[in-house]
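**Student:** Below you'll find model-v6.cif; it's mmCIF, C-alpha atoms.
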data_start
#
loop_
_atom_site.label_atom_id
_atom_site.label_comp_id
_atom_site.auth_asym_id
_atom_site.auth_seq_id
_atom_site.Cartn_x
_atom_site.Cartn_y
_atom_site.Cartn_z
CA MET A 1 126.53 109.61 114.86
CA LEU A 2 124.09 106.75 114.82
CA ARG A 3 121.87 106.48 117.82
CA LYS A 4 119.01 104.35 118.88
CA THR A 5 117.02 104.43 122.07
CA VAL A 6 116.50 101.69 124.58
CA ASP A 7 113.85 101.54 127.29
CA ILE A 8 114.91 101.79 130.90
CA VAL A 9 113.02 99.15 132.83
CA ASP A 10 112.71 99.02 136.60
CA ASN A 11 112.57 95.90 138.79
CA ASN A 12 108.86 95.39 138.06
CA ASN A 13 109.45 95.53 134.32
CA GLN A 14 107.83 98.97 134.11
CA VAL A 15 109.28 101.26 131.49
CA THR A 16 110.52 104.32 133.35
CA GLY A 17 112.34 106.15 130.60
CA LYS A 18 114.41 105.99 127.48
CA VAL A 19 118.12 106.25 126.98
CA ALA A 20 120.13 106.77 123.83
CA VAL A 21 122.79 104.18 123.13
CA LEU A 22 125.40 104.09 120.45
CA ASN A 23 125.13 101.62 117.65
CA ALA A 24 128.03 99.32 116.97
CA PRO A 25 130.89 101.54 115.82
CA GLU A 26 131.32 101.83 112.08
CA LYS A 27 134.29 100.12 110.55
CA ARG A 28 137.38 102.19 110.19
CA SER A 29 137.76 103.31 106.62
CA ASP A 30 141.25 104.76 106.31
CA GLU A 31 143.35 103.32 103.53
CA TRP A 32 145.97 101.51 105.62
CA SER A 33 143.39 99.83 107.80
CA LEU A 34 141.56 98.48 104.73
CA LEU A 35 144.82 97.10 103.36
CA LEU A 36 145.66 95.50 106.69
CA ILE A 37 142.22 93.87 106.77
CA SER A 38 142.86 92.45 103.26
CA VAL A 39 146.14 90.98 104.45
CA GLY A 40 144.42 89.43 107.45
CA GLU A 41 141.37 88.08 105.67
CA ASP A 42 142.63 87.23 102.18
CA ARG A 43 146.40 86.94 102.63
CA ASP A 44 146.56 89.67 99.98
CA ARG A 45 150.20 90.12 98.89
CA GLN A 46 149.48 93.24 96.88
CA ALA A 47 147.97 94.90 99.90
CA PHE A 48 150.93 93.78 101.98
CA ALA A 49 153.34 95.29 99.43
CA GLN A 50 151.56 98.63 99.71
CA LEU A 51 151.72 98.52 103.50
CA PHE A 52 155.39 97.61 103.25
CA ASN A 53 156.17 100.53 100.96
CA HIS A 54 154.51 102.97 103.32
CA PHE A 55 155.55 101.60 106.70
CA ALA A 56 159.01 100.07 106.17
CA PRO A 57 160.72 103.50 105.73
CA LEU A 58 158.87 104.83 108.80
CA LEU A 59 159.79 101.78 110.85
CA LYS A 60 163.42 102.09 109.88
CA SER A 61 163.39 105.72 110.87
CA PHE A 62 161.71 104.76 114.19
CA ALA A 63 164.44 102.17 114.79
CA GLN A 64 167.22 104.62 113.92
CA ALA A 65 165.88 107.15 116.42
CA ASN A 66 166.43 104.66 119.26
CA ARG A 67 169.13 105.93 121.59
CA HIS A 68 169.18 102.98 123.95
CA GLN A 69 172.74 102.07 124.84
CA GLY A 70 172.25 98.48 123.76
CA TRP A 71 171.00 99.46 120.32
CA PHE A 72 173.25 99.73 117.27
CA PRO A 73 172.53 100.79 113.67
CA GLY A 74 172.64 97.23 112.28
CA LEU A 75 169.56 96.39 114.33
CA SER A 76 167.38 98.90 112.49
CA GLU A 77 166.88 96.81 109.37
CA ASP A 78 166.35 93.71 111.53
CA LEU A 79 163.57 95.55 113.31
CA VAL A 80 161.90 96.47 110.01
CA GLN A 81 162.00 92.84 108.93
CA GLU A 82 160.76 91.51 112.24
CA VAL A 83 157.90 93.99 112.43
CA MET A 84 156.73 93.42 108.84
CA ILE A 85 156.84 89.63 109.28
CA LYS A 86 154.74 90.02 112.46
CA VAL A 87 152.33 92.29 110.60
CA TRP A 88 151.78 89.52 108.02
CA GLN A 89 151.47 86.80 110.64
CA LYS A 90 149.22 88.68 113.04
CA ALA A 91 147.07 90.65 110.59
CA ALA A 92 144.16 88.22 111.06
CA GLY A 93 143.94 89.33 114.69
CA TYR A 94 143.76 93.02 113.81
CA ASN A 95 140.52 94.65 114.92
CA SER A 96 139.86 97.85 113.01
CA GLU A 97 137.28 98.92 115.56
CA LYS A 98 139.93 99.19 118.24
CA ALA A 99 142.79 100.95 116.53
CA SER A 100 143.91 102.35 113.22
CA ALA A 101 146.44 100.28 111.27
CA THR A 102 149.07 102.90 112.06
CA THR A 103 148.58 102.66 115.82
CA TRP A 104 148.45 98.88 115.63
CA ILE A 105 151.72 98.75 113.69
CA TYR A 106 153.30 101.18 116.15
CA THR A 107 152.48 98.79 119.01
CA VAL A 108 153.97 95.85 117.06
CA ALA A 109 157.14 97.91 116.47
CA ARG A 110 157.37 99.03 120.10
CA ASN A 111 157.03 95.43 121.27
CA CYS A 112 159.64 94.18 118.79
CA ARG A 113 162.03 96.86 119.99
CA ILE A 114 161.62 95.75 123.62
CA ASP A 115 161.98 92.10 122.62
CA MET A 116 165.20 92.72 120.71
CA LEU A 117 166.69 94.62 123.65
CA ARG A 118 165.59 91.99 126.19
CA ARG A 119 166.99 89.20 124.03
CA LYS A 120 170.32 91.01 123.80
CA SER A 121 170.66 91.56 127.52
CA ASN A 122 169.33 88.22 128.62
CA THR A 123 170.60 84.81 127.66
CA GLN A 124 168.17 82.80 129.74
CA HIS A 125 164.74 81.86 128.52
CA LEU A 126 162.24 84.50 129.58
CA PRO A 127 158.95 83.27 131.01
CA LEU A 128 156.88 86.06 129.43
CA GLU A 129 156.56 87.08 125.82
CA ASN A 130 156.01 90.69 125.12
CA GLU A 131 152.45 90.29 123.99
CA ASP A 132 151.52 88.86 127.37
CA TYR A 133 151.92 92.32 128.88
CA TRP A 134 149.51 93.93 126.44
CA HIS A 135 146.88 91.24 126.58
CA GLU A 136 143.37 92.67 126.66
CA PRO A 137 141.02 90.86 128.97
CA ASP A 138 137.71 91.61 127.25
CA GLU A 139 136.03 93.64 124.57
CA ASP A 140 135.98 97.29 125.45
CA THR A 141 132.65 99.01 125.48
CA PRO A 142 131.42 101.11 122.54
CA VAL A 143 131.71 104.21 124.68
CA SER A 144 135.44 103.88 125.07
CA LEU A 145 135.77 103.01 121.38
CA LEU A 146 134.04 106.20 120.45
CA ARG A 147 136.30 108.19 122.72
CA GLN A 148 139.29 106.50 121.15
CA LYS A 149 138.24 107.40 117.60
CA ARG A 150 137.56 110.97 118.45
CA SER A 151 140.93 111.37 120.12
CA GLU A 152 142.83 109.74 117.27
CA SER A 153 141.77 112.45 114.85
CA LYS A 154 142.81 115.11 117.35
CA VAL A 155 146.25 113.77 118.16
CA GLN A 156 147.85 114.93 114.93
CA GLU A 157 146.54 118.47 115.21
CA SER A 158 147.33 118.92 118.88
CA LEU A 159 150.83 117.53 118.45
CA SER A 160 151.66 120.19 115.90
CA GLN A 161 150.61 122.92 118.34
CA LEU A 162 152.90 121.92 121.20
CA PRO A 163 155.68 124.28 122.30
CA LYS A 164 159.13 123.12 121.22
CA GLU A 165 160.33 121.82 124.58
CA GLN A 166 157.22 119.70 125.06
CA ASP A 167 157.44 118.33 121.54
CA GLU A 168 161.11 117.49 122.15
CA ILE A 169 160.48 115.65 125.38
CA LEU A 170 157.76 113.51 123.78
CA ARG A 171 160.16 112.53 120.99
CA LYS A 172 162.76 111.55 123.56
CA VAL A 173 160.29 109.42 125.44
CA TYR A 174 158.66 107.70 122.48
CA LEU A 175 161.22 107.66 119.68
CA GLU A 176 164.58 107.68 121.42
CA GLY A 177 163.21 105.20 123.92
CA LYS A 178 164.42 107.07 126.99
CA SER A 179 162.90 106.45 130.39
CA HIS A 180 161.98 109.57 132.34
CA ALA A 181 165.06 109.03 134.50
CA GLU A 182 167.35 108.78 131.46
CA ALA A 183 165.81 111.89 129.91
CA SER A 184 166.31 113.78 133.17
CA GLU A 185 169.97 112.83 133.26
CA GLU A 186 170.53 113.76 129.65
CA LEU A 187 168.77 117.12 129.85
CA GLY A 188 170.24 117.96 133.23
CA LEU A 189 166.75 118.53 134.63
CA PRO A 190 165.28 117.18 137.86
CA LEU A 191 163.21 114.02 137.37
CA GLY A 192 160.10 115.83 138.61
CA THR A 193 160.50 118.50 135.92
CA VAL A 194 160.78 115.89 133.18
CA LYS A 195 157.73 114.04 134.47
CA SER A 196 155.62 117.17 134.66
CA ARG A 197 156.78 118.38 131.22
CA VAL A 198 155.70 115.08 129.67
CA ARG A 199 152.40 115.15 131.53
CA LEU A 200 151.72 118.76 130.63
CA ALA A 201 152.25 118.00 126.96
CA LEU A 202 149.89 115.03 127.09
CA GLN A 203 147.36 116.94 129.10
CA LYS A 204 147.39 119.77 126.59
CA MET A 205 146.73 117.19 123.90
CA GLN A 206 143.87 115.85 126.03
CA ILE A 207 145.45 112.43 126.18
CA LEU A 208 145.48 112.33 129.96
CA VAL A 209 142.17 113.42 131.32
CA SER A 210 141.39 111.46 134.46
CA PRO A 211 140.29 113.47 137.50
CA GLU A 212 143.26 112.78 139.78
CA TYR A 213 145.47 114.17 137.05
CA GLN A 214 143.58 117.44 137.09
CA ASP A 215 144.32 117.66 140.80
CA GLU A 216 148.01 117.24 140.22
CA LEU A 217 147.96 120.00 137.65
CA THR A 218 146.56 122.59 140.00
CA HIS A 219 149.45 121.94 142.34
CA GLU A 220 152.07 122.80 139.76
CA MET B 1 135.71 93.84 135.47
CA SER B 2 135.72 96.64 137.94
CA LYS B 3 135.49 99.96 136.20
CA HIS B 4 135.91 102.39 139.01
CA LEU B 5 139.15 101.69 140.74
CA THR B 6 140.59 104.37 142.97
CA HIS B 7 144.26 103.41 143.06
CA HIS B 8 146.11 103.59 139.75
CA PRO B 9 149.75 103.55 138.68
CA ASP B 10 151.47 106.92 138.45
CA LYS B 11 150.92 108.52 135.02
CA ALA B 12 154.65 108.42 134.35
CA MET B 13 154.56 104.62 134.63
CA LEU B 14 151.68 104.35 132.19
CA ILE B 15 153.49 106.66 129.76
CA GLU B 16 156.68 104.60 129.95
CA PHE B 17 154.62 101.45 129.49
CA ALA B 18 153.05 102.90 126.32
CA ALA B 19 156.45 104.01 125.03
CA GLY B 20 157.97 100.62 125.84
CA THR B 21 160.62 101.85 128.25
CA LEU B 22 159.25 100.58 131.57
CA GLY B 23 161.27 97.85 133.34
CA THR B 24 160.13 94.23 133.31
CA ALA B 25 158.91 93.99 136.92
CA GLU B 26 157.08 97.31 136.78
CA SER B 27 155.54 96.31 133.45
CA ILE B 28 154.18 93.10 134.97
CA CYS B 29 152.45 95.16 137.69
CA VAL B 30 151.05 97.76 135.28
CA SER B 31 149.86 94.97 133.00
CA ALA B 32 148.08 93.30 135.95
CA HIS B 33 146.35 96.57 136.84
CA LEU B 34 145.25 97.12 133.21
CA HIS B 35 143.50 93.75 133.32
CA PHE B 36 141.10 95.25 135.85
CA CYS B 37 141.05 98.93 134.89
CA GLU B 38 139.19 100.15 131.84
CA GLN B 39 140.08 103.76 132.53
CA CYS B 40 143.80 103.05 132.31
CA ARG B 41 143.26 100.87 129.22
CA THR B 42 141.58 103.79 127.49
CA GLU B 43 144.40 106.07 128.51
CA LEU B 44 146.99 103.57 127.29
CA MET B 45 145.25 103.46 123.92
CA ARG B 46 145.52 107.23 123.62
CA LEU B 47 149.15 107.21 124.68
CA GLU B 48 149.82 104.66 121.95
CA GLN B 49 148.16 106.96 119.43
CA VAL B 50 150.70 109.62 120.35
CA GLY B 51 153.56 107.19 119.73
CA SER B 52 152.02 106.17 116.46
CA GLN B 53 151.64 109.78 115.32
CA LEU B 54 155.26 110.58 116.23
CA MET B 55 156.39 107.54 114.28
CA THR B 56 154.50 108.55 111.12
CA GLU B 57 155.71 112.15 111.28
CA ALA B 58 159.36 111.15 111.13
CA GLU B 59 161.39 111.58 107.97
CA PRO B 60 161.09 108.18 106.18
CA ALA B 61 164.41 106.32 105.94
CA ILE B 62 165.68 104.76 102.74
CA ILE B 63 164.92 101.09 102.38
CA ASP B 64 167.02 98.68 100.36
CA ASP B 65 165.12 97.55 97.24
CA LYS B 66 165.70 93.92 98.10
CA LEU B 67 164.24 94.12 101.60
CA PHE B 68 160.68 93.39 100.53
CA ASP B 69 161.76 90.18 98.75
CA THR B 70 163.83 89.17 101.77
CA VAL B 71 160.82 89.62 104.04
CA MET B 72 158.49 87.71 101.69
CA ALA B 73 161.01 84.88 101.43
CA LYS B 74 161.18 84.64 105.22
CA ILE B 75 157.40 84.65 105.47
CA ASP B 76 157.09 81.86 102.90
CA HIS B 77 159.85 79.88 104.55
CA ALA B 78 158.16 80.16 107.96
CA GLU B 79 154.80 79.12 106.53
CA ALA B 80 156.26 76.14 104.69
CA ALA B 81 158.00 74.98 107.86
CA GLU B 82 154.90 75.41 109.98
CA GLN B 83 153.93 72.30 111.86
CA PRO B 84 150.28 71.41 112.06
CA ALA B 85 149.36 73.23 115.25
CA VAL B 86 149.05 71.01 118.29
CA VAL B 87 146.77 73.12 120.37
CA VAL B 88 147.50 72.66 124.04
CA SER B 89 146.00 75.91 125.09
CA GLU B 90 146.94 76.56 128.68
CA GLN B 91 143.90 77.81 130.49
CA PRO B 92 144.73 81.03 132.29
CA VAL B 93 144.13 81.08 136.03
CA ALA B 94 140.52 82.23 136.38
CA GLY B 95 140.20 85.96 136.91
CA PHE B 96 143.96 86.54 136.89
CA PRO B 97 145.81 88.72 134.38
CA LEU B 98 147.49 86.72 131.61
CA ALA B 99 151.04 87.72 132.55
CA VAL B 100 150.54 86.61 136.17
CA SER B 101 148.86 83.43 135.02
CA LYS B 102 151.85 82.58 132.82
CA LEU B 103 154.28 83.23 135.67
CA ILE B 104 152.29 80.86 137.88
CA LYS B 105 152.41 78.17 135.20
CA ASN B 106 156.03 78.79 134.25
CA LYS B 107 157.48 75.38 133.35
CA ASP B 108 161.04 76.46 134.08
CA TYR B 109 160.29 77.56 137.61
CA THR B 110 157.20 76.60 139.56
CA PRO B 111 156.43 79.12 142.29
CA ILE B 112 155.83 77.53 145.69
CA TRP B 113 153.97 79.02 148.65
CA LYS B 114 156.21 79.64 151.61
CA ARG B 115 155.26 80.90 155.03
CA LEU B 116 156.42 84.47 155.64
CA SER B 117 154.58 85.06 158.92
CA ALA B 118 151.61 83.57 160.77
CA SER B 119 149.15 85.14 158.36
CA VAL B 120 151.17 85.79 155.17
CA ASP B 121 152.49 83.38 152.54
CA ILE B 122 154.72 84.28 149.64
CA ALA B 123 155.34 82.62 146.26
CA ARG B 124 158.21 84.09 144.31
CA PHE B 125 158.24 84.34 140.53
CA LYS B 126 161.09 83.99 138.13
CA THR B 127 160.96 86.92 135.72
CA GLY B 128 164.49 87.14 134.35
CA GLN B 129 165.49 90.47 135.89
CA LYS B 130 167.45 91.46 138.98
CA ASP B 131 165.97 94.79 140.08
CA PHE B 132 162.80 93.65 141.79
CA GLU B 133 161.57 90.59 143.59
CA VAL B 134 158.25 89.76 141.95
CA ALA B 135 155.96 87.56 144.00
CA LEU B 136 152.45 86.72 145.07
CA HIS B 137 151.48 87.44 148.66
CA ARG B 138 148.57 85.68 150.32
CA ILE B 139 147.06 87.18 153.45
CA CYS B 140 144.60 84.93 155.27
CA ALA B 141 141.14 86.27 156.18
CA GLY B 142 141.52 88.81 158.95
CA GLY B 143 145.27 88.22 158.98
CA LYS B 144 147.42 90.97 160.35
CA THR B 145 150.85 91.46 158.85
CA PRO B 146 153.73 92.76 160.91
CA LYS B 147 154.19 96.52 160.79
CA HIS B 148 157.02 97.16 158.34
CA ASP B 149 158.68 99.84 156.29
CA HIS B 150 160.35 99.62 152.92
CA HIS B 151 163.96 99.78 151.93
CA GLY B 152 163.10 100.20 148.28
CA LEU B 153 160.07 100.91 146.15
CA GLU B 154 157.21 98.47 146.38
CA TYR B 155 154.36 98.04 143.90
CA THR B 156 151.31 96.01 144.86
CA VAL B 157 148.29 95.00 142.77
CA VAL B 158 145.34 93.29 144.45
CA LEU B 159 144.38 90.23 142.39
CA LYS B 160 141.78 88.62 144.62
CA GLY B 161 139.89 89.70 147.74
CA SER B 162 140.85 92.86 149.53
CA PHE B 163 143.02 94.21 152.31
CA SER B 164 143.27 97.43 154.21
CA ASP B 165 145.84 99.51 156.02
CA GLU B 166 145.72 102.64 158.13
CA SER B 167 144.56 104.81 155.23
CA ALA B 168 142.27 102.82 152.90
CA VAL B 169 140.72 99.59 151.71
CA TYR B 170 142.26 98.11 148.57
CA LYS B 171 140.17 96.02 146.22
CA GLU B 172 140.73 93.85 143.16
CA GLY B 173 142.80 95.71 140.59
CA ASP B 174 143.94 98.51 142.88
CA PHE B 175 147.56 99.52 142.33
CA LEU B 176 149.64 100.76 145.26
CA THR B 177 153.05 102.37 145.28
CA ARG B 178 155.05 102.43 148.49
CA GLN B 179 158.09 104.66 148.72
CA PRO B 180 161.14 103.74 150.79
CA GLY B 181 160.43 104.76 154.35
CA ASP B 182 156.65 104.36 154.15
CA VAL B 183 155.52 102.42 157.17
CA HIS B 184 152.32 100.42 157.01
CA GLN B 185 150.52 97.45 158.44
CA PRO B 186 148.26 95.71 155.91
CA MET B 187 145.39 93.60 157.17
CA GLY B 188 143.46 91.00 155.21
CA ALA B 189 139.70 91.43 154.88
CA GLN B 190 137.58 89.39 157.29
CA ASN B 191 135.53 87.73 154.56
CA GLY B 192 138.25 85.79 152.74
CA GLU B 193 141.87 85.48 151.80
CA CYS B 194 143.56 88.19 149.78
CA ILE B 195 146.08 87.57 147.00
CA CYS B 196 148.33 90.37 145.77
CA LEU B 197 151.02 90.69 143.17
CA SER B 198 154.00 92.61 144.42
CA ALA B 199 157.29 93.89 143.11
CA LEU B 200 159.77 94.82 145.76
CA GLU B 201 162.86 96.74 144.77
CA ALA B 202 166.12 95.12 145.73
CA PRO B 203 168.21 97.30 148.04
CA ILE B 204 171.12 98.65 146.05
CA LYS B 205 173.59 98.67 148.90
CA LEU B 206 173.33 98.53 152.64
CA THR B 207 175.33 101.46 153.92
CA ASN B 208 175.22 100.46 157.59
CA PRO B 209 178.46 98.68 158.57
CA LEU B 210 176.31 96.03 160.18
CA GLY B 211 174.17 95.86 157.07
CA PHE B 212 175.10 92.25 156.44
CA LEU B 213 173.13 91.37 159.55
CA MET B 214 170.00 92.84 158.02
CA LYS B 215 170.19 90.96 154.76
CA PRO B 216 168.49 87.79 155.95
CA LEU B 217 165.71 89.91 157.41
CA LEU B 218 165.01 91.63 154.11
CA ARG B 219 164.52 88.29 152.41
CA ILE B 220 164.54 89.76 148.95
CA SER B 221 165.59 87.55 146.11
CA PRO B 222 164.96 88.81 142.60
CA MET B 223 165.28 86.18 139.87
#
Let me see the structure of the file written as C-alpha cells.
**Tutor:**
Amino acid sequence: MLRKTVDIVDNNNQVTGKVAVLNAPEKRSDEWSLLLISVGEDRDRQAFAQLFNHFAPLLKSFAQANRHQGWFPGLSEDLVQEVMIKVWQKAAGYNSEKASATTWIYTVARNCRIDMLRRKSNTQHLPLENEDYWHEPDEDTPVSLLRQKRSESKVQESLSQLPKEQDEILRKVYLEGKSHAEASEELGLPLGTVKSRVRLALQKMQILVSPEYQDELTHE
Amino acid sequence: MSKHLTHHPDKAMLIEFAAGTLGTAESICVSAHLHFCEQCRTELMRLEQVGSQLMTEAEPAIIDDKLFDTVMAKIDHAEAAEQPAVVVSEQPVAGFPLAVSKLIKNKDYTPIWKRLSASVDIARFKTGQKDFEVALHRICAGGKTPKHDHHGLEYTVVLKGSFSDESAVYKEGDFLTRQPGDVHQPMGAQNGECICLSALEAPIKLTNPLGFLMKPLLRISPM
C-alpha cells in the first residue's frame, strides 16, 4: 500500500506531529474494468463485444431467476438488450476507482429490472427515473474506497463458505427479487427470522459491520 | 456532508434497496438518507458487491447468436437519431438529495405548501404509487406539533434544520421509523425552521364502524 505522511499543524501553524495518509487509489486492473474503460473512452466496439460475450449470458440468467409475479420469460432477453445498450451509453461515466465493472453492471441490471417492472405496473409518467435514487452526492473519500476494494476481494470467498440456508436466502433476496416479506411468506418463516437470517449471512461475510448492528446480534 | 449520523434506516431496508426490491416511497426516503450518510453509502456499496457476485456465479444462459447484432443496431440507431443536446440542466435544490429535488420541481405536479397546524406546513409529492403519502413537512422555529400517534408506518428524513421529540434530537440526514401506535410530539429547533421528508403509510382499512368519521382527520392522500 502506498503511503505518504502529512504534517499535523495546530492553530498557530506549529507542526505537532505526522500522520500517514493514503495516496490516490490505484486504478482497478481487472480485465472487465479495462474493457469497460475502453468502451467509455474510445467507443471501442471490440472491447464492447468481449464484454457482451461475458456478461450477456450472465444477465440473461439473472433475468430468468426473477420470480416477481409481474415478470415473464419473454422479458429476460429484453433486459439483456436494455442493460447492454445502457452499458454502451453510460460507459463514459464509469469510475473504476469506485467499483469493478462487474458490480457496476450489476447495478445497471438491477435498475433496469426495477424500471421494467415499474413501467409494466404504471401507465402514468413517473416523476423519478431510477438513477435518481442512486445518485451520489460527492466523491467518497479514499478511506472508504480502500475499504471497498478490500471487501470486494473477500466477497467471493466468504460467499462460498456460507451454510446452505443462508446462501439460499441471499439468492432469494438478490436474484429472485423477493422482498423480505415475500420470502417469509414463501418459506413459511416469520418475517423476523428471514430478516435475521439475511443479516447473519451478511454479517458473517463482513458486509454489515456498523456498531448498532453488533448490538442487534448479541440480542439474538 | 455529515458523516456521523445516529439514526439510520433498518438494515433490512438497505438490503432491499441494494437488491432493488424496496418500494418506491421507502426508496425515496432511503435515497434521501444516503445523500447525507457516508456510512450507509459504504454499506450499500458492499451490499451491491454481494449482488454482483451472486450474478456472476450463476450458470450462464444461452444467448441467441443474433442478439449482439440486434443490440449494436439499436445503439447505432439511437446515436444516429440523437438530437444535438439542448442542455437545460435543472439546478438541484441546494443541499437537498437529487430525488427530493426532482419531486419538488416535478413539472406534472407542483407541490404546494399547505397549513397543517399553527406551526406545521405540508407539501405533498406525486410519486406514482398508492401505499404511502410522500411529503415535505416544515416545522417553524420552536414550533410544537400536536401530540399524535400513527395508524401506519412513518419514515422521516431530516433535510434541513433539526427537531426533537421526547427521546432525541434529530439532525440533517437522520432517518426515523415510527411504528403504528408510537406516540410522539415533535418540536422544531429554536434556531430555525426544520424541513423533513416523510412517507406515511396509508391505512389499509379502518375496522371501526365509525371509521369513516376518522378519514378526514387522517388526511392521508398518496398519489
**Student:** When the PyMOL selection byres ((chain A) within 8 of (chain B)) is applied to the structure above, which residues does it catch, written out as number ranges by chain?
**Tutor:** A: 49, 52, 56-62, 81, 84-85, 88, 102-103, 105-107, 110-111, 114, 122, 124-128, 132-137, 140, 144, 148, 151-152, 155-156, 171, 173-175, 177-180, 195, 199, 207-208
**Student:** Got a sec to resolve the PyMOL selection byres ((chain B and resi 190) around 7) on this structure and send the residues as a list in words?
**Tutor:**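 On this input, the PyMOL selection byres ((chain B and resi 190) around 7) captures Ala141, Gly142, Gly188, Ala189, Asn191 and Gly192 of chain B.
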**Student:** Let me know the residues the PyMOL selection byres ((chain B and resi 149) around 12) catches in the file above, as a PyMOL selection string.
**Tutor:** chain B and resi 145-148+150-154+178-186+200+218
**Student:** Of the candidates A:Lys172, A:His68, A:Ala92, A:Leu202, which one gets nearest to Arg118 in chain A if we count all atoms listed in the file?
**Tutor:**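 Smallest separation from Arg118 in chain A among the options: A:His68.
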**Student:** Given 6 Å of margin on each side, can you work out the centre and size in Å (one decimal) of an axis-aligned box holding every listed atom of range 92-110 of chain A, as JSON?
**Tutor:**
{"center_x": 147.3, "center_y": 95.6, "center_z": 115.6, "size_x": 32.1, "size_y": 26.7, "size_z": 21.0}
**Student:** Report, in Å with one decimal, the straight-line distance from CA of Phe132 in chain B to CA of Ser184 in chain A.
**Tutor:**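 CA of Ser184 in chain A lies 22.2 Å from CA of Phe132 in chain B.
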**Student:** In Å to one decimal, how far is CA of Tyr155 in chain B from CA of Gly192 in chain A?
**Tutor:**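 Atom-to-atom, CA of Gly192 in chain A to CA of Tyr155 in chain B, that is 19.4 Å.
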**Student:** Just to confirm, what's the straight-line distance from CA of Ser196 in chain A to CA of Pro9 in chain B in Å (one decimal)?
**Tutor:**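 Between CA of Ser196 in chain A and CA of Pro9 in chain B the gap is 15.4 Å.
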**Student:** Because the input lacks atoms here, generate N, CA and C atoms for range 69-88 of chain A and report them as a JSON list (two decimals), in the frame of the given file.
**Tutor:**
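Written out: part-v3.json:
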[["chain", "number", "residue", "atom", "x", "y", "z"],
["A", 69, "GLN", "N", 171.31, 102.39, 124.91],
["A", 69, "GLN", "CA", 172.74, 102.07, 124.84],
["A", 69, "GLN", "C", 173.01, 100.70, 124.21],
["A", 70, "GLY", "N", 172.04, 99.81, 124.31],
["A", 70, "GLY", "CA", 172.25, 98.48, 123.76],
["A", 70, "GLY", "C", 171.90, 98.38, 122.28],
["A", 71, "TRP", "N", 171.48, 99.49, 121.70],
["A", 71, "TRP", "CA", 171.00, 99.46, 120.32],
["A", 71, "TRP", "C", 172.13, 99.90, 119.38],
["A", 72, "PHE", "N", 172.27, 99.25, 118.24],
["A", 72, "PHE", "CA", 173.25, 99.73, 117.27],
["A", 72, "PHE", "C", 172.62, 99.75, 115.88],
["A", 73, "PRO", "N", 173.18, 100.53, 114.95],
["A", 73, "PRO", "CA", 172.53, 100.79, 113.67],
["A", 73, "PRO", "C", 172.12, 99.51, 112.91],
["A", 74, "GLY", "N", 172.94, 98.46, 113.01],
["A", 74, "GLY", "CA", 172.64, 97.23, 112.28],
["A", 74, "GLY", "C", 171.30, 96.62, 112.67],
["A", 75, "LEU", "N", 170.82, 96.98, 113.87],
["A", 75, "LEU", "CA", 169.56, 96.39, 114.33],
["A", 75, "LEU", "C", 168.34, 97.01, 113.64],
["A", 76, "SER", "N", 168.53, 98.19, 113.04],
["A", 76, "SER", "CA", 167.38, 98.90, 112.49],
["A", 76, "SER", "C", 166.69, 98.12, 111.38],
["A", 77, "GLU", "N", 167.49, 97.57, 110.46],
["A", 77, "GLU", "CA", 166.88, 96.81, 109.37],
["A", 77, "GLU", "C", 166.28, 95.49, 109.90],
["A", 78, "ASP", "N", 166.91, 94.91, 110.91],
["A", 78, "ASP", "CA", 166.35, 93.71, 111.53],
["A", 78, "ASP", "C", 164.97, 94.01, 112.10],
["A", 79, "LEU", "N", 164.85, 95.18, 112.72],
["A", 79, "LEU", "CA", 163.57, 95.55, 113.31],
["A", 79, "LEU", "C", 162.50, 95.68, 112.22],
["A", 80, "VAL", "N", 162.86, 96.33, 111.11],
["A", 80, "VAL", "CA", 161.90, 96.47, 110.01],
["A", 80, "VAL", "C", 161.42, 95.09, 109.56],
["A", 81, "GLN", "N", 162.37, 94.19, 109.37],
["A", 81, "GLN", "CA", 162.00, 92.84, 108.93],
["A", 81, "GLN", "C", 161.10, 92.15, 109.95],
["A", 82, "GLU", "N", 161.52, 92.21, 111.20],
["A", 82, "GLU", "CA", 160.76, 91.51, 112.24],
["A", 82, "GLU", "C", 159.33, 92.06, 112.36],
["A", 83, "VAL", "N", 159.22, 93.38, 112.30],
["A", 83, "VAL", "CA", 157.90, 93.99, 112.43],
["A", 83, "VAL", "C", 157.02, 93.60, 111.23],
["A", 84, "MET", "N", 157.56, 93.70, 110.02],
["A", 84, "MET", "CA", 156.73, 93.42, 108.84],
["A", 84, "MET", "C", 156.32, 91.94, 108.79],
["A", 85, "ILE", "N", 157.21, 91.05, 109.23],
["A", 85, "ILE", "CA", 156.84, 89.63, 109.28],
["A", 85, "ILE", "C", 155.70, 89.44, 110.28],
["A", 86, "LYS", "N", 155.81, 90.11, 111.44],
["A", 86, "LYS", "CA", 154.74, 90.02, 112.46],
["A", 86, "LYS", "C", 153.43, 90.59, 111.92],
["A", 87, "VAL", "N", 153.53, 91.68, 111.16],
["A", 87, "VAL", "CA", 152.33, 92.29, 110.60],
["A", 87, "VAL", "C", 151.61, 91.26, 109.71],
["A", 88, "TRP", "N", 152.36, 90.57, 108.89],
["A", 88, "TRP", "CA", 151.78, 89.52, 108.02],
["A", 88, "TRP", "C", 151.16, 88.42, 108.87]]
